[in-house]
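*Asks:* The following block contains the structure, expressed as structure tokens.
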Amino acid sequence: MSLLSVERLDARHGLLQAVRNIDLAAGEGEIVALVGANGAGKTTLLRTIAGAHRPFAGRIVFDGRDVTPMRAHERVALGIALVPEGRRLFAGLTVEENLRVAGDAGRSGAWNIEVLLSTFPMLKARLKTPAGLLSGGEQQATAIGRAMMTNPRLLLLDEISLGLAPLAVDNLYRSLTTLFASGTTLIIVEQNLNRVLGVATRICCMLEGRIVLECDAKDATRERITNAYFGLRDETRRTVRP
Amino acid sequence: MIWVDQIIQGILLGGYYALIACGLSLMFGVMRIINLAHGDLAILGVFAVSLIAALTGISPFYALAAAIPLMALLGWALQRWVLERSLRAGPLVPLLATFGLAIVIENLLFEGFGADTRSLAPEIGDLAFDSWMVAGQIYVGYLAVLVFAVAVVLLVGLQLFLKWTALGRAIRATAEDPDTAELVGVNSRAAYAIAAAIAVATTAIAGTFLAMRATFDPYSGPAQLIFAFEAVVIGGVGSLWGTLIGGIILGVAQSVGAQIGPRGFLLTGHIVFLLVLAARLFMSGIDWRAGFSRSLRSSGKGRPL
């Protein structure tokens with residue numbers, strides 16, 4: 001049985017329908033890469049799964065429980081965590097406080113500050129620094145670390161390389177190998193295909209609020225993804241627009 | 001010597017202002033709500049204290065200890081059922097809601113207790129008027145020192161609570177970004193409600209000390225709100241240390257002003273407040289009108305689900 005299943009989800013921003021009737025499942029230990037152009041609805045989908053956005057219709061089932069009516073902090077307690085786009089650190093709190101807030105409020109488990117520091121050694125010297133003063137790469141590491149501190153079973157990573165220097169992205173992904181190997185279920189939104197193709201077990205491509213391509217990572221060719229990304233060919237499941 | 005005396009009295013008076021400003025500062029710092037009913041809640045608190053004291057015959061201090069949890073409960077309910085709802089409608093609605101609440105509290109108290117001016121001073125014996133002689137001409141009142149000490153302990157204690165405890169960190173995280181706090185597992189509505197409970201509980205302490213050192217009636221609240229607001233602004237919004245300093249600056253300004261001329265007491269306090277406000281706007285160095293309207297807009301977004 002899958003850990004997460006999203007059933008006929010519809011999420012809107014006012015009149016704008018950002019997520020249209022999406023079905024998505026993620027099994028224990030899977031790493032799902034969610035790709036798609038800007039405005040395809042990836043961020044809204046992740047925020048809806050995490051509980052930061054209220055769906056218009058549809059259901060989100062996590063570990064056999066319907067979490068749709070739950071608030072975000074209740075979902076964290078069940079094991080869903082989101083690393084939000086733009087990092088959204090508590091800028092006035094120190095790095096350590098950012099981590100501790102999540103550690104105190106989340107589930108207990110294997111991740112704690114010591115384990116995190118061995119994953120992200122660059123944060124060691126920065127523990128007492130206000131998070132607002134960090135570099136982009138350090139901020140992103142803190143944001144991921146903060147989500148890990150809740151000991152999630154499902155971690156949603158939204159555009160973690162956005163706005164970072166290529167070197168910082170390299171660093172970040174190198175640190176994340178521990179996370180990828182840890183067996184945590186991941187859904188990763190990423191613009192850089194090369195990055196995700198290397199780690200993902202499954203690829204989902206979104207276009208205009210729908211999933212237009214879903215396949216195992218080993219079957220995904222750049223051409224198939226590119227076609228789906230730009231909507232060049234109706235691959236699968238794409239319904240006819242009214 | 002008289003000036004030294006005035007400054008010392010001003011510092012002690014500032015302790016009271018810091019005490020009354022504490023809850024206002026906390027609420028503004030955490031929820032970005034300017035609670036216009038703050039002064040009236042303090043008066044409501046002291047009416048509760050005097051009622052408990054009158055009914056049971058215990059000292060006002062024990063009555064205060066009994067009233068604090070009641071006021072905390074009131075603050076929690078206020079956040080849950082009034083402020084949280086009004087915040088959803090935009091940043092200006094809580095101002096209207098708390099303004100309305102202020103009028104309701106004043107008139108309910110008037111209805112229930114009448115217009116008599118009251119004081120708790122007769123209930124506390126020597127404490128109300130006795131004093132220590134510090135030097136030749138300088139006396140400091142027991143009560144003034146007690147109020148100052150309570151203010152320091154309360155503000156420093158709250159600051160340490162926010163800095164070092166898990167609940168304090170959760171409250172600060174929620175203050176910065178309630179949506180993201182939810183995403184890391186913090187129940188932002190509970191964090192807000194706890195902050196409101198603490199804030200309203202502190203008003204009972206401030207109100208009780210006001211009643212011990214002076215008088216109160218159902219309409220005493222707004223004047224206390226102004227002093228509290230001035231102390232918060234002088235000390236810098238969102239900082240409890242600042243609020244303590246702000247209260248002291250206001251107290252010293254008023255005492256020194258009173259020494260300059262008989263009408264200088266309130267006037268000097270207001271002038272210092274306006275000068276600090278003008279200096280802040282001037283030193284911020286940005287187009288403050290744009291900044292102000294932006295902060296109004298942005299403070300309305302990002303409410304939890």
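Lettering and numbering for the structure tokens are positional, with chains as A, B, ... in the shown order, residues counted from 1 in each chain, and ligands counted from 1 in the shown order.
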Quick one: which chain B residues come within 12 Å of chain A, and what is the nearest atom pair for each with the distance in Å to one decimal, counting only C-alpha atoms, rows ordered by chain and ascending number, as JSON lines?

*Replies:*
{"residue": "B:Leu162", "atom": "CA", "partner": "A:Leu93", "partner_atom": "CA", "distance": 11.0}
{"residue": "B:Lys163", "atom": "CA", "partner": "A:Glu97", "partner_atom": "CA", "distance": 9.0}
{"residue": "B:Trp164", "atom": "CA", "partner": "A:Glu97", "partner_atom": "CA", "distance": 9.2}
{"residue": "B:Thr165", "atom": "CA", "partner": "A:Val101", "partner_atom": "CA", "distance": 9.8}
{"residue": "B:Ala166", "atom": "CA", "partner": "A:Asp104", "partner_atom": "CA", "distance": 6.5}
{"residue": "B:Leu167", "atom": "CA", "partner": "A:Val101", "partner_atom": "CA", "distance": 8.6}
{"residue": "B:Gly168", "atom": "CA", "partner": "A:Val101", "partner_atom": "CA", "distance": 9.3}
{"residue": "B:Arg169", "atom": "CA", "partner": "A:Val101", "partner_atom": "CA", "distance": 6.0}
{"residue": "B:Ala170", "atom": "CA", "partner": "A:Val101", "partner_atom": "CA", "distance": 5.8}
{"residue": "B:Ile171", "atom": "CA", "partner": "A:Val101", "partner_atom": "CA", "distance": 9.4}
{"residue": "B:Arg172", "atom": "CA", "partner": "A:Leu93", "partner_atom": "CA", "distance": 7.9}
{"residue": "B:Ala173", "atom": "CA", "partner": "A:Phe90", "partner_atom": "CA", "distance": 6.0}
{"residue": "B:Thr174", "atom": "CA", "partner": "A:Phe90", "partner_atom": "CA", "distance": 8.8}
{"residue": "B:Ala175", "atom": "CA", "partner": "A:Phe90", "partner_atom": "CA", "distance": 9.2}
{"residue": "B:Glu176", "atom": "CA", "partner": "A:Phe90", "partner_atom": "CA", "distance": 6.1}
{"residue": "B:Asp177", "atom": "CA", "partner": "A:Phe90", "partner_atom": "CA", "distance": 6.9}
{"residue": "B:Pro178", "atom": "CA", "partner": "A:Phe90", "partner_atom": "CA", "distance": 9.9}
{"residue": "B:Asp179", "atom": "CA", "partner": "A:Ala52", "partner_atom": "CA", "distance": 6.8}
{"residue": "B:Thr180", "atom": "CA", "partner": "A:Arg88", "partner_atom": "CA", "distance": 6.8}
{"residue": "B:Ala181", "atom": "CA", "partner": "A:His73", "partner_atom": "CA", "distance": 8.1}
{"residue": "B:Glu182", "atom": "CA", "partner": "A:His73", "partner_atom": "CA", "distance": 4.7}
{"residue": "B:Leu183", "atom": "CA", "partner": "A:Ala72", "partner_atom": "CA", "distance": 5.6}
{"residue": "B:Val184", "atom": "CA", "partner": "A:Ala102", "partner_atom": "CA", "distance": 5.0}
{"residue": "B:Gly185", "atom": "CA", "partner": "A:His73", "partner_atom": "CA", "distance": 4.0}
{"residue": "B:Val186", "atom": "CA", "partner": "A:Ala105", "partner_atom": "CA", "distance": 5.6}
{"residue": "B:Asn187", "atom": "CA", "partner": "A:His73", "partner_atom": "CA", "distance": 5.7}
{"residue": "B:Ser188", "atom": "CA", "partner": "A:His73", "partner_atom": "CA", "distance": 8.2}
{"residue": "B:Arg189", "atom": "CA", "partner": "A:His73", "partner_atom": "CA", "distance": 10.3}
{"residue": "B:Ala190", "atom": "CA", "partner": "A:His73", "partner_atom": "CA", "distance": 11.0}
{"residue": "B:Ala191", "atom": "CA", "partner": "A:Ala105", "partner_atom": "CA", "distance": 11.6}
{"residue": "B:Gly238", "atom": "CA", "partner": "A:Gly92", "partner_atom": "CA", "distance": 11.6}
{"residue": "B:Gly302", "atom": "CA", "partner": "A:Ala52", "partner_atom": "CA", "distance": 10.1}
{"residue": "B:Arg303", "atom": "CA", "partner": "A:Ala52", "partner_atom": "CA", "distance": 10.1}
{"residue": "B:Pro304", "atom": "CA", "partner": "A:Ala52", "partner_atom": "CA", "distance": 7.8}
{"residue": "B:Leu305", "atom": "CA", "partner": "A:Arg71", "partner_atom": "CA", "distance": 6.8}

*Asks:* Determine which residues of region 12-152 of chain A DSSP labels as strand (DSSP E or B) from the backbone of this structure, then write them out as a VMD selection string.

*Replies:* chain A and resid 12 to 13 16 to 26 31 to 36 57 to 62 65 to 66 80 to 83 94 130

*Asks:* Can you pull out every residue within 6 Å of Ala121 (chain B), counting only C-alpha atoms, but drop anything in the same chain fewer than 3 positions away, and send it as a PyMOL selection string?

*Replies:* chain B and resi 124+128+212

*Asks:* So that I can check the surroundings of Thr43 (chain A), please list as a VMD selection string every protein, DNA and RNA residue that reaches within 10 Å of it, counting only C-alpha atoms and ignoring chain neighbours fewer than 6 positions away.

*Replies:* chain A and resid 18 to 19 34 49 84 to 85 156 to 159 189

*Asks:* Give me a file of those residues, with N, CA and C atoms, as a compact mmCIF listing (two decimals), in the first residue's frame.

*Replies:*
# COMPACT_ATOMS: atom_id res chain seq x y z
N ALA A 18 -5.23 25.76 -9.92
CA ALA A 18 -3.82 25.46 -10.04
C ALA A 18 -3.56 23.97 -10.16
N VAL A 19 -4.38 23.18 -9.48
CA VAL A 19 -4.22 21.72 -9.52
C VAL A 19 -5.56 21.15 -9.97
N LEU A 34 9.01 15.68 -9.22
CA LEU A 34 7.88 16.38 -9.83
C LEU A 34 8.47 17.50 -10.67
N ILE A 49 -0.65 19.11 -0.09
CA ILE A 49 -0.35 17.85 0.61
C ILE A 49 0.10 18.14 2.04
N PRO A 84 9.55 24.58 2.28
CA PRO A 84 8.80 25.45 1.38
C PRO A 84 9.70 26.18 0.37
N GLU A 85 9.10 26.52 -0.74
CA GLU A 85 9.80 27.31 -1.74
C GLU A 85 10.21 28.64 -1.12
N LEU A 156 8.59 16.69 1.56
CA LEU A 156 8.32 17.37 0.30
C LEU A 156 9.34 18.48 0.13
N LEU A 157 10.13 18.42 -0.94
CA LEU A 157 11.18 19.41 -1.16
C LEU A 157 10.79 20.29 -2.34
N ASP A 158 10.58 21.57 -2.08
CA ASP A 158 10.11 22.46 -3.14
C ASP A 158 11.24 23.36 -3.63
N GLU A 159 11.75 23.10 -4.81
CA GLU A 159 12.74 23.97 -5.47
C GLU A 159 13.91 24.31 -4.55
N VAL A 189 10.40 18.70 -6.01
CA VAL A 189 10.15 19.59 -7.14
C VAL A 189 11.48 20.22 -7.51

*Asks:* For Trp3 (chain B), work out the shell of residues within 10 Å, counting only C-alpha atoms and skipping chain neighbours fewer than 2 positions away, then give it as a list in words.

*Replies:*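 Residues meeting the cut-off are Met1, Asp5, Gln6, Ile7, Ile8, Gln9, Ser255, Val256, Gln259 and Ile260 of chain B.
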
*Asks:* Residues within 10 Å of Leu266 (chain B), please, as a list of chain:residue names. Count only C-alpha atoms; anything in the same chain fewer than 4 positions from it doesn't count.

*Replies:*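 In the requested format, the answer is B:Phe227, B:Leu250, B:Gly251, B:Ala253, B:Gln254, B:Ser255, B:Gly257, B:Ala258, B:Pro262, B:His270, B:Ile271.
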
*Asks:* For the selection you just gave me, I'd like the residues written to a file as a CSV table (one decimal), in the first residue's frame, keeping N, CA and C atoms.

*Replies:*
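Written out: result_28.csv:
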chain,number,residue,atom,x,y,z
B,227,PHE,N,-0.4,55.6,28.1
B,227,PHE,CA,0.9,55.4,28.7
B,227,PHE,C,1.6,54.1,28.2
B,250,LEU,N,9.8,57.2,29.8
B,250,LEU,CA,8.5,57.9,29.9
B,250,LEU,C,8.3,58.4,31.4
B,251,GLY,N,8.6,57.5,32.3
B,251,GLY,CA,8.5,57.9,33.7
B,251,GLY,C,9.4,59.1,34.1
B,253,ALA,N,10.8,61.2,32.1
B,253,ALA,CA,10.4,62.4,31.3
B,253,ALA,C,9.3,63.1,32.1
B,254,GLN,N,8.3,62.4,32.5
B,254,GLN,CA,7.1,63.0,33.2
B,254,GLN,C,7.6,63.6,34.6
B,255,SER,N,8.4,62.9,35.3
B,255,SER,CA,8.8,63.4,36.6
B,255,SER,C,9.6,64.7,36.5
B,257,GLY,N,9.6,66.6,33.9
B,257,GLY,CA,8.6,67.7,33.4
B,257,GLY,C,7.8,68.3,34.5
B,258,ALA,N,7.4,67.5,35.4
B,258,ALA,CA,6.6,68.0,36.5
B,258,ALA,C,7.4,69.0,37.4
B,262,PRO,N,4.3,73.0,36.7
B,262,PRO,CA,3.2,72.2,37.2
B,262,PRO,C,2.4,71.4,36.2
B,270,HIS,N,4.4,63.2,26.7
B,270,HIS,CA,3.9,63.2,25.3
B,270,HIS,C,5.0,63.7,24.3
B,271,ILE,N,5.7,64.8,24.7
B,271,ILE,CA,6.7,65.4,23.8
B,271,ILE,C,7.8,64.4,23.6

*Asks:* Of the candidates B:Ile245, B:Leu24, B:Ile2, B:Leu109, which one gets nearest to Val152 (chain B) if we count only C-alpha atoms?

*Replies:* B:Ile245

*Asks:* Residues within 6 Å of region 4-17 of chain A, please, as an MDAnalysis selection string. Count only C-alpha atoms; anything in the same chain fewer than 2 positions from it doesn't count.

*Replies:* chainID A and resid 2 19:26 55:62

*Asks:* Counting only C-alpha atoms, figure out which residue out of B:Gly100, B:Leu143, B:His38, B:Arg280 gets nearest to Ser86 (chain B).

*Replies:*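 With only C-alpha atoms as the atom set, the closest residue is B:Gly100.
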
*Asks:* Enumerate, as a PyMOL selection string, the complete set of residues in region 131-184 of chain A that a backbone-based DSSP assignment places in alpha helix (DSSP H).

*Replies:* chain A and resi 136-148+166-181

*Asks:* With distances taken over only C-alpha atoms, which residue among B:Ile58, B:Met283, B:Val104, B:Leu244 lies nearest Val153 (chain B)?

*Replies:*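 Nearest to Val153 (chain B): B:Leu244.
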
*Asks:* So how many Å separate CA of Gly29 (chain A) and CA of Gly183 (chain A), to one decimal?

*Replies:*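 About the pair CA of Gly29 (chain A) and CA of Gly183 (chain A): they are 4.7 Å apart.
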
*Asks:* So what do you get for CA of Ile103 (chain B) versus CA of Tyr17 (chain B), distance-wise?

*Replies:*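 Value for the CA of Ile103 (chain B)-CA of Tyr17 (chain B) distance: 22.4 Å.
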